[in-house]
Structures are given as C-alpha cells and as structure tokens.
>>> print(open('coords-v9.tsv').read())   # TSV, C-alpha atoms
chain	number	residue	atom	x	y	z
A	57	MET	CA	-25.03	36.59	5.40
A	58	ASP	CA	-24.13	37.30	9.02
A	59	ILE	CA	-21.19	35.23	10.24
A	60	SER	CA	-22.87	33.65	13.24
A	61	GLN	CA	-22.17	30.32	14.87
A	62	PRO	CA	-25.30	28.72	13.34
A	63	ALA	CA	-24.17	29.94	9.90
A	64	LEU	CA	-20.70	28.49	10.46
A	65	ASN	CA	-22.22	25.19	11.60
A	66	ALA	CA	-24.25	25.05	8.38
A	67	LEU	CA	-21.10	25.82	6.39
A	68	TYR	CA	-19.23	23.01	8.11
A	69	THR	CA	-22.07	20.64	7.24
A	70	ALA	CA	-21.70	21.62	3.56
A	71	VAL	CA	-17.91	21.21	3.70
A	72	LYS	CA	-18.24	17.80	5.33
A	73	LEU	CA	-20.83	16.67	2.79
A	74	ASN	CA	-18.56	17.57	-0.13
A	75	PHE	CA	-15.52	16.07	1.61
A	76	ASN	CA	-17.34	12.76	2.05
A	77	GLU	CA	-18.60	12.79	-1.53
A	78	GLY	CA	-15.07	13.27	-2.78
A	79	ARG	CA	-13.73	10.56	-0.51
A	80	ASN	CA	-16.38	8.10	-1.62
A	81	SER	CA	-15.78	8.80	-5.32
A	82	TYR	CA	-12.48	6.85	-5.29
A	83	THR	CA	-12.05	3.09	-4.88
A	84	PRO	CA	-8.67	2.43	-3.21
A	85	LYS	CA	-6.36	-0.26	-4.60
A	86	TRP	CA	-4.04	-0.77	-1.64
A	87	GLN	CA	-6.27	-3.40	0.04
A	88	GLN	CA	-5.42	-5.80	-2.78
A	89	ILE	CA	-1.72	-5.95	-1.88
A	90	ALA	CA	-1.53	-4.71	1.72
A	91	THR	CA	-2.98	-5.90	5.03
A	92	LEU	CA	-4.60	-3.33	7.30
A	93	VAL	CA	-3.09	-3.32	10.79
A	94	ASN	CA	-4.78	-1.09	13.35
A	95	SER	CA	-2.06	0.47	15.47
A	96	THR	CA	-2.38	1.40	19.15
A	97	THR	CA	1.00	3.02	19.78
A	98	ALA	CA	3.52	5.35	18.10
A	99	GLN	CA	5.02	2.36	16.30
A	100	GLU	CA	4.32	-1.33	15.94
A	101	ASN	CA	6.92	-4.07	16.20
A	102	TYR	CA	6.85	-6.92	13.69
A	103	ALA	CA	9.58	-9.02	15.24
A	104	TRP	CA	7.47	-12.15	14.64
A	105	LEU	CA	7.85	-11.97	10.86
A	106	GLY	CA	9.96	-14.73	9.40
A	107	GLU	CA	8.34	-18.17	9.35
A	108	PHE	CA	5.05	-19.33	7.84
A	109	THR	CA	2.93	-21.61	10.02
A	110	ARG	CA	2.48	-25.24	8.98
A	111	LEU	CA	0.48	-28.06	10.54
A	112	LYS	CA	2.18	-31.40	11.09
A	113	GLU	CA	1.12	-34.76	12.44
A	114	TRP	CA	0.77	-34.74	16.24
A	115	ILE	CA	3.01	-37.50	17.54
A	116	GLY	CA	3.80	-37.44	21.25
A	117	ASP	CA	4.08	-33.96	22.74
A	118	ARG	CA	3.35	-30.84	20.77
A	119	GLN	CA	6.38	-29.53	18.89
A	120	VAL	CA	6.70	-25.85	19.71
A	121	ASP	CA	8.18	-23.77	16.90
A	122	GLN	CA	10.50	-21.04	18.13
A	123	MET	CA	9.85	-17.83	16.23
A	124	LYS	CA	12.81	-15.94	14.89
A	125	ILE	CA	13.05	-12.49	16.43
A	126	HIS	CA	13.73	-9.72	13.93
A	127	ASP	CA	14.26	-6.06	14.63
A	128	TYR	CA	11.59	-4.64	12.35
A	129	SER	CA	9.04	-2.00	13.27
A	130	ILE	CA	6.81	0.49	11.47
A	131	LYS	CA	6.52	4.00	12.88
A	132	ASN	CA	3.32	5.98	12.40
A	133	THR	CA	3.57	9.34	10.65
A	134	LYS	CA	1.24	12.34	10.77
A	135	PHE	CA	-0.16	13.74	7.53
A	136	GLU	CA	-2.40	16.76	6.96
A	137	ALA	CA	-3.95	19.09	4.38
A	138	THR	CA	-5.64	22.39	5.27
A	139	GLU	CA	-7.81	24.78	3.29
A	140	GLY	CA	-9.19	28.18	4.27
A	141	ILE	CA	-12.39	30.08	3.43
A	142	LYS	CA	-12.08	33.86	3.51
A	143	ALA	CA	-14.73	35.63	5.54
A	144	GLU	CA	-15.97	37.56	2.52
A	145	TYR	CA	-17.09	34.33	0.82
A	146	ILE	CA	-19.34	33.68	3.79
A	147	GLU	CA	-20.54	37.28	4.13
A	148	ASP	CA	-21.40	37.40	0.42
A	149	ASP	CA	-22.99	33.93	0.52
A	150	THR	CA	-20.71	32.75	-2.32
A	151	TYR	CA	-18.84	29.96	-0.53
A	152	GLY	CA	-20.64	27.40	-2.70
A	153	VAL	CA	-18.06	27.95	-5.46
A	154	LEU	CA	-15.41	26.60	-3.07
A	155	MET	CA	-17.11	23.28	-2.36
A	156	PRO	CA	-15.29	21.39	-5.18
A	157	LYS	CA	-12.08	22.21	-3.29
A	158	PHE	CA	-13.32	20.21	-0.31
A	159	ALA	CA	-14.55	17.38	-2.52
A	160	ASP	CA	-10.98	17.26	-3.84
A	161	MET	CA	-9.70	17.21	-0.24
A	162	GLY	CA	-11.85	14.14	0.40
A	163	TYR	CA	-10.54	12.56	-2.80
A	164	ALA	CA	-6.98	13.25	-1.62
A	165	ALA	CA	-7.71	11.52	1.69
A	166	ALA	CA	-9.06	8.48	-0.16
A	167	THR	CA	-6.06	8.21	-2.48
A	168	HIS	CA	-3.39	8.88	0.15
A	169	PRO	CA	-3.07	5.23	1.34
A	170	ASP	CA	-2.53	4.19	-2.29
A	171	GLU	CA	0.20	6.80	-2.65
A	172	LEU	CA	1.94	5.51	0.49
A	173	VAL	CA	1.65	1.80	-0.30
A	174	PHE	CA	2.68	1.97	-3.95
A	175	ALA	CA	5.48	4.44	-3.23
A	176	LEU	CA	6.82	1.95	-0.71
A	177	LEU	CA	6.53	-0.83	-3.30
A	178	SER	CA	8.66	1.23	-5.70
A	179	ALA	CA	11.16	1.85	-2.89
A	180	GLY	CA	11.47	-1.87	-2.17
A	181	PHE	CA	14.72	-2.06	-4.14
A	182	SER	CA	16.48	0.14	-1.57
A	183	THR	CA	14.42	-0.27	1.63
A	184	LEU	CA	15.10	-2.98	4.20
A	185	CYS	CA	12.53	-5.53	5.30
A	186	TYR	CA	12.46	-7.82	8.36
A	187	ASP	CA	15.48	-9.98	7.38
A	188	GLY	CA	17.83	-7.01	7.01
A	189	GLN	CA	17.90	-7.18	3.20
A	190	ASN	CA	16.16	-4.88	0.76
A	191	PHE	CA	12.60	-6.08	0.23
A	192	PHE	CA	13.47	-6.87	-3.39
A	193	ASP	CA	16.90	-8.44	-3.33
A	194	THR	CA	18.98	-11.21	-4.86
A	195	ASP	CA	20.38	-12.28	-1.49
A	196	HIS	CA	17.64	-13.10	1.04
A	197	PRO	CA	19.05	-15.60	3.59
A	198	VAL	CA	16.86	-18.71	3.89
A	199	GLY	CA	17.68	-21.66	6.12
A	200	GLU	CA	18.81	-22.46	9.63
A	201	GLY	CA	22.32	-22.62	11.05
A	202	ASP	CA	25.45	-20.91	9.81
A	203	THR	CA	25.01	-21.63	6.08
A	204	PRO	CA	21.70	-20.21	4.86
A	205	LYS	CA	20.94	-20.20	1.17
A	206	SER	CA	20.64	-16.98	-0.83
A	207	VAL	CA	17.23	-16.60	-2.45
A	208	SER	CA	16.25	-13.92	-4.93
A	209	ASN	CA	12.91	-12.19	-5.45
A	210	LEU	CA	14.37	-9.78	-8.00
A	211	GLN	CA	14.79	-10.22	-11.74
A	212	LEU	CA	17.31	-7.98	-13.49
A	213	PRO	CA	17.78	-7.52	-17.25
A	214	GLY	CA	20.37	-9.64	-19.03
A	215	GLN	CA	23.68	-8.26	-20.25
A	216	ASP	CA	22.29	-7.25	-23.65
A	217	GLU	CA	18.88	-6.13	-22.33
A	218	THR	CA	17.68	-2.68	-21.33
A	219	GLU	CA	16.33	-1.99	-17.85
A	220	VAL	CA	12.65	-1.02	-17.89
A	221	ALA	CA	10.22	0.38	-15.34
A	222	PRO	CA	9.68	-2.32	-12.70
A	223	TRP	CA	6.72	-4.66	-12.62
A	224	PHE	CA	5.64	-6.73	-9.65
A	225	LEU	CA	4.19	-10.21	-9.22
A	226	MET	CA	2.46	-10.92	-5.90
A	227	ASP	CA	0.66	-13.60	-3.89
A	228	THR	CA	-2.09	-11.74	-2.04
A	229	SER	CA	-4.17	-14.78	-1.09
A	230	ARG	CA	-2.89	-15.13	2.48
A	231	PRO	CA	-4.18	-13.30	5.59
A	232	LEU	CA	-0.94	-11.29	5.70
A	233	LYS	CA	-0.35	-9.70	2.30
A	234	PRO	CA	3.07	-8.67	0.97
A	235	LEU	CA	2.73	-5.11	2.30
A	236	ILE	CA	1.24	-3.60	5.46
A	237	PHE	CA	-0.86	-0.46	5.80
A	238	GLN	CA	-0.72	0.63	9.41
A	239	ARG	CA	-3.42	2.95	10.77
A	240	ARG	CA	-3.13	4.70	14.12
A	241	ARG	CA	-5.77	7.36	13.42
A	242	ASP	CA	-8.01	7.34	10.39
A	243	TYR	CA	-8.45	10.35	8.11
A	244	ARG	CA	-10.68	12.93	9.80
A	245	LEU	CA	-12.05	16.34	8.86
A	246	GLN	CA	-11.81	19.13	11.42
A	247	ALA	CA	-12.84	22.80	11.40
A	248	LYS	CA	-11.39	25.91	13.02
A	249	THR	CA	-14.46	28.10	12.78
A	250	ASP	CA	-15.23	29.53	16.22
A	251	ALA	CA	-16.34	33.04	15.37
A	252	GLY	CA	-15.67	34.37	18.87
A	253	ASN	CA	-12.47	32.71	20.07
A	254	SER	CA	-10.31	31.72	17.10
A	255	ASP	CA	-7.02	33.59	16.97
A	256	HIS	CA	-6.58	32.65	13.32
A	257	VAL	CA	-9.98	34.06	12.38
A	258	PHE	CA	-9.21	37.27	14.29
A	259	ILE	CA	-5.82	37.77	12.61
A	260	LYS	CA	-6.47	36.36	9.11
A	261	ASP	CA	-10.25	36.78	8.75
A	262	GLU	CA	-10.27	33.20	7.46
A	263	TYR	CA	-11.98	29.97	8.54
A	264	LEU	CA	-9.93	26.78	8.40
A	265	TYR	CA	-10.85	23.20	7.48
A	266	GLY	CA	-8.32	20.40	7.54
A	267	VAL	CA	-7.93	16.67	7.18
A	268	ASP	CA	-5.30	14.69	9.07
A	269	ALA	CA	-4.32	11.12	9.89
A	270	ARG	CA	-1.59	9.05	11.56
A	271	VAL	CA	-0.70	6.17	9.26
A	272	SER	CA	2.26	4.38	7.71
A	273	ALA	CA	3.17	1.55	5.36
A	274	GLY	CA	5.68	-1.28	5.66
A	275	PHE	CA	6.71	-4.65	4.34
A	276	GLY	CA	5.35	-8.10	5.19
A	277	PHE	CA	6.81	-11.32	3.78
A	278	TRP	CA	9.19	-10.77	0.85
A	279	GLN	CA	8.42	-14.34	-0.25
A	280	GLN	CA	5.00	-13.18	-1.46
A	281	ALA	CA	6.39	-10.53	-3.83
A	282	PHE	CA	8.67	-10.57	-6.85
A	283	ALA	CA	9.98	-7.57	-8.78
A	284	SER	CA	11.44	-7.37	-12.25
A	285	LYS	CA	13.32	-4.62	-14.07
A	286	ALA	CA	13.53	-6.75	-17.20
A	287	GLU	CA	11.11	-6.43	-20.11
A	288	LEU	CA	7.68	-7.86	-19.40
A	289	THR	CA	7.69	-10.81	-21.81
A	290	ASP	CA	6.24	-14.31	-21.71
A	291	ALA	CA	9.64	-15.76	-20.82
A	292	ASN	CA	10.37	-13.28	-18.03
A	293	PHE	CA	6.86	-13.63	-16.63
A	294	ASP	CA	7.19	-17.44	-16.61
A	295	ALA	CA	10.58	-17.18	-14.87
A	296	ALA	CA	9.11	-14.91	-12.20
A	297	VAL	CA	6.20	-17.28	-11.55
A	298	GLN	CA	8.59	-20.22	-11.35
A	299	ALA	CA	10.87	-18.39	-8.91
A	300	MET	CA	7.99	-17.50	-6.59
A	301	MET	CA	6.48	-20.97	-6.59
A	302	SER	CA	9.88	-22.52	-5.82
A	303	VAL	CA	10.53	-20.56	-2.62
A	304	ARG	CA	10.96	-22.76	0.45
A	305	SER	CA	10.91	-22.00	4.16
A	306	ASP	CA	13.82	-21.92	6.60
A	307	LYS	CA	12.89	-25.53	7.41
A	308	ASP	CA	13.19	-26.38	3.69
A	309	ARG	CA	9.51	-27.01	3.02
A	310	PRO	CA	7.50	-25.62	0.10
A	311	LEU	CA	5.63	-22.46	1.04
A	312	GLY	CA	2.88	-22.94	-1.52
A	313	ILE	CA	3.31	-19.46	-2.96
A	314	MET	CA	0.84	-18.90	-5.82
A	315	PRO	CA	1.16	-15.49	-7.52
A	316	ASN	CA	-2.23	-14.03	-8.36
A	317	VAL	CA	-1.67	-10.32	-9.05
A	318	LEU	CA	0.56	-8.53	-11.55
A	319	VAL	CA	1.10	-4.88	-10.59
A	320	VAL	CA	2.35	-2.53	-13.31
A	321	GLY	CA	2.64	1.17	-13.98
A	322	PRO	CA	1.32	2.88	-17.12
A	323	SER	CA	4.46	2.14	-19.16
A	324	ASN	CA	3.98	-1.61	-18.70
A	325	ARG	CA	0.20	-1.64	-19.19
A	326	ALA	CA	0.25	-2.78	-22.82
A	327	ALA	CA	2.81	-5.51	-22.14
A	328	ALA	CA	0.80	-6.79	-19.17
A	329	LYS	CA	-2.35	-6.94	-21.27
A	330	ARG	CA	-0.49	-8.82	-23.99
A	331	VAL	CA	1.19	-11.34	-21.67
A	332	VAL	CA	-1.79	-12.07	-19.39
A	333	GLU	CA	-5.06	-10.81	-20.86
A	334	ALA	CA	-4.69	-11.74	-24.53
A	335	GLU	CA	-6.29	-15.14	-25.19
A	336	PHE	CA	-4.14	-15.73	-28.26
A	337	LYS	CA	-0.60	-14.73	-29.16
A	338	ALA	CA	0.30	-12.78	-32.29
A	339	GLN	CA	0.99	-16.03	-34.15
A	340	GLY	CA	-2.51	-17.29	-33.35
A	341	GLU	CA	-1.50	-19.91	-30.80
A	342	SER	CA	-3.16	-20.11	-27.40
A	343	ASN	CA	-1.70	-18.01	-24.60
A	344	THR	CA	-0.85	-20.38	-21.73
A	345	ASN	CA	-0.80	-17.41	-19.31
A	346	PHE	CA	-4.26	-16.18	-20.29
A	347	LYS	CA	-5.90	-14.87	-17.07
A	348	ALA	CA	-3.19	-16.57	-15.00
A	349	VAL	CA	-3.16	-13.54	-12.69
A	350	GLU	CA	-5.11	-10.33	-12.23
A	351	VAL	CA	-3.53	-7.28	-13.88
A	352	MET	CA	-3.50	-4.13	-11.72
A	353	VAL	CA	-2.47	-0.95	-13.52
A	354	VAL	CA	-1.46	1.67	-10.97
A	355	PRO	CA	-0.94	5.36	-11.87
A	356	TRP	CA	1.09	5.85	-8.66
A	357	LEU	CA	3.87	3.79	-10.27
A	358	ALA	CA	4.31	6.26	-13.15
>>> encode(input="coords-v9.tsv", output="structure tokens")
Amino acid sequence: MDISQPALNALYTAVKLNFNEGRNSYTPKWQQIATLVNSTTAQENYAWLGEFTRLKEWIGDRQVDQMKIHDYSIKNTKFEATEGIKAEYIEDDTYGVLMPKFADMGYAAATHPDELVFALLSAGFSTLCYDGQNFFDTDHPVGEGDTPKSVSNLQLPGQDETEVAPWFLMDTSRPLKPLIFQRRRDYRLQAKTDAGNSDHVFIKDEYLYGVDARVSAGFGFWQQAFASKAELTDANFDAAVQAMMSVRSDKDRPLGIMPNVLVVGPSNRAAAKRVVEAEFKAQGESNTNFKAVEVMVVPWLA
C-alpha cells in the first residue's frame, strides 16, 4: 500500500473506530459516587462547600444564610497515552493486527476516571478536604463559634482487632455526591499522520495516535461518606450507618443523611455480600440489613 494522505485518512478512521469500540465496552462506576463538574479554567474553587441548604418558615424578611468561605480548590491535570504505527505496517497492509491496541487505548480512556476517583477515595485518610481535615477523619469541626464539636466519619479497629482493607459507606442521593470529578477537556483521540510535514514521521518513520484529557478529582461533603478499617461485620456496619445518620449541621439540625451505597475492594467482597446481600444469616434468622444499601465491588481498590 502506498502511504498517501487518503490511505492515512482511512487508517485514522479504522483507529478511531476501534478506539470508540474499546471506550464503549466499559461502563464507568465513578458516576455513582462522584458529581461531574465541567470546568472552564485551570482550577475550580469550591469555597462554598460547608453548609447544606434547608428551607424554613418565612416570617418577616428573608433570613439570608452567610456561607462559610473555605480555601478549597481542585486543579485540572493533563493526562495522555500515545501509540505509534511503524510505516512498514502500512506499506505491507498489515496494520489490522494493531487495531486491538487502539481498542485497549479506548478502554483505558473509559476506565481512567474510575482510576482517579477511587484512588482519591483510598487517599481520603491522608488528603485534606474543604474543612482542613483529612476527608476521613475523627476530628471534623462542626458547629458555630469558638467551641465546635468534633465529629468522626472514620471507624478504626478496636484494641484487640486487626486492621483490614478499608470499606466505604456513602450517601449518593443528593445532587452533590461525596466526590467530584472535574472535567476541563474530555478524552479525545488525535493523530500525527501528515505524510508530508511531520517531523516525527520523517525522523522515526512512524505515525502517532494519542488520547489526552484535562481532568481531576476532589472531595465534596465529608458528611456523605464514612470509611472503616475495621472488619466488615453486622455490628460495624450498623455502627457506621448510625454514625452517618446522626450527623448534624453547623446549625445543629439533622442533615438527613441516608447511606445507600457500600463500596468495597475485592478483599471485602465476600463480607459485603454476607452483611448486605444475604437474606438470612448463618443461624437461619432474617438479615435486618438485607438490601439496605447497594454493594459496589471496585477492582481499583485492590
């Protein structure tokens, strides 16, 4: 095959087709726990995080709530992956054997937001959120004035217990979910295939195809997430649910948190199935937590 511009255009069409097939073959999980925020600048400021809205009876003039101002922003980051096709594959009309590589590139683009979001979830024990505390912490300040209360969204193993891989309980029912996926530029496929003017083609005798994006992930309200490093048992699950549902606002009102998703890695899969998805316990009695929440098993937490 002659390496002409029409031939390269046809090759790009084949690459793009396989890229899209690979991208469409994966169903992302991040939308279940993270809110998509479309970014318009290098970073977005989330200073408004801090207080949930609540309606109250209108008596007299409107009562204007003053938002707390927090120094919390999420900076967009560039990501890329690039693959090359040697000229001889095109000349010999054998580039078809390389198409699975570009299907895999599309698959990688589809899974990348999951990798970012769930990696951030795992890092929540040592990464700050809007209130200046780690996202999962035993000491979140809640309340107004000089004497806020300390509230925990972290369960640690008891003195005689062994720490296990973390599991996460979340309320994802609100418009703003516990995590944020920020998108400045969506994943796009580009080609460097100009047969006449490409320096790379001239020097390397290779035609380049790459995917890139500008995205990031960050934390929303810590009140909507709870992490545990204790064994996933009925008692620990019940304690986590109770802790989440008891969280109150800075103005000391119930937030109405209702956990609906249990996120686990592979090592906690069996325990999650037993605690939540088994209709009966080993002794034959009914499981009071049967289908209480949706179980999400995530390989990115391995």
>>> residues_around(input="coords-v9.tsv", residues="region 179-190 of chain A", least_positions_apart="6", cutoff="8 Å", atoms="only C-alpha atoms", output="short mmCIF file (atom, residue, chain, number, x, y, z; two decimals) with C-alpha atoms, in the coordinates of the input")
data_model
loop_
_atom_site.label_atom_id
_atom_site.label_comp_id
_atom_site.auth_asym_id
_atom_site.auth_seq_id
_atom_site.Cartn_x
_atom_site.Cartn_y
_atom_site.Cartn_z
CA TYR A 102 6.85 -6.92 13.69
CA ALA A 103 9.58 -9.02 15.24
CA LEU A 105 7.85 -11.97 10.86
CA GLY A 106 9.96 -14.73 9.40
CA HIS A 126 13.73 -9.72 13.93
CA ASP A 127 14.26 -6.06 14.63
CA TYR A 128 11.59 -4.64 12.35
CA HIS A 196 17.64 -13.10 1.04
CA PRO A 197 19.05 -15.60 3.59
CA PHE A 275 6.71 -4.65 4.34
CA GLY A 276 5.35 -8.10 5.19
CA TRP A 278 9.19 -10.77 0.85
#
>>> atom_distance(input="coords-v9.tsv", atom1="CA of Glu341 (chain A)", atom2="CA of Ala291 (chain A)")
15.5 Å
>>> residues_around(input="coords-v9.tsv", residues="Arg304 (chain A)", least_positions_apart="3", cutoff="12 Å", atoms="only C-alpha atoms", output="ChimeraX atom specification")
/A:107-108,196-199,204-208,279-280,299-301,307-313
>>> atom_distance(input="coords-v9.tsv", atom1="CA of Ala247 (chain A)", atom2="CA of Ser272 (chain A)")
24.1 Å
>>> closest_residue(input="coords-v9.tsv", among="A:Gln238, A:Gln61, A:Asn76, A:Thr218", to="Ala98 (chain A)", atoms="only C-alpha atoms")
A:Gln238
>>> closest_residue(input="coords-v9.tsv", among="A:Phe293, A:Tyr68, A:Tyr145, A:Phe282", to="Met226 (chain A)", atoms="only C-alpha atoms")
A:Phe282
>>> closest_residue(input="coords-v9.tsv", among="A:Ala166, A:Ala269, A:Ala159, A:Leu225", to="Ala328 (chain A)", atoms="only C-alpha atoms")
A:Leu225
>>> residues_around(input="coords-v9.tsv", residues="Pro84 (chain A)", least_positions_apart="2", cutoff="10 Å", atoms="only C-alpha atoms", output="CSV table (one decimal) with C-alpha atoms, in the coordinates of the input")
chain,number,residue,atom,x,y,z
A,79,ARG,CA,-13.7,10.6,-0.5
A,80,ASN,CA,-16.4,8.1,-1.6
A,81,SER,CA,-15.8,8.8,-5.3
A,82,TYR,CA,-12.5,6.8,-5.3
A,86,TRP,CA,-4.0,-0.8,-1.6
A,87,GLN,CA,-6.3,-3.4,0.0
A,88,GLN,CA,-5.4,-5.8,-2.8
A,166,ALA,CA,-9.1,8.5,-0.2
A,167,THR,CA,-6.1,8.2,-2.5
A,168,HIS,CA,-3.4,8.9,0.2
A,169,PRO,CA,-3.1,5.2,1.3
A,170,ASP,CA,-2.5,4.2,-2.3
A,171,GLU,CA,0.2,6.8,-2.6
>>> closest_residue(input="coords-v9.tsv", among="A:Leu210, A:Val331, A:Leu92, A:Val297", to="Ala283 (chain A)", atoms="only C-alpha atoms")
A:Leu210
>>> atom_distance(input="coords-v9.tsv", atom1="CA of Asn343 (chain A)", atom2="CA of Glu287 (chain A)")
17.8 Å
>>> closest_residue(input="coords-v9.tsv", among="A:Glu139, A:Asp227, A:Asp242, A:Glu219", to="Ile89 (chain A)", atoms="only C-alpha atoms")
A:Asp227
>>> axis_aligned_box(input="coords-v9.tsv", around="region 164-183 of chain A", padding_each_side="3 Å", output="lines of an AutoDock Vina configuration file")
center_x = 3.7
center_y = 5.6
center_z = -2.0
size_x = 31.5
size_y = 21.3
size_z = 13.4
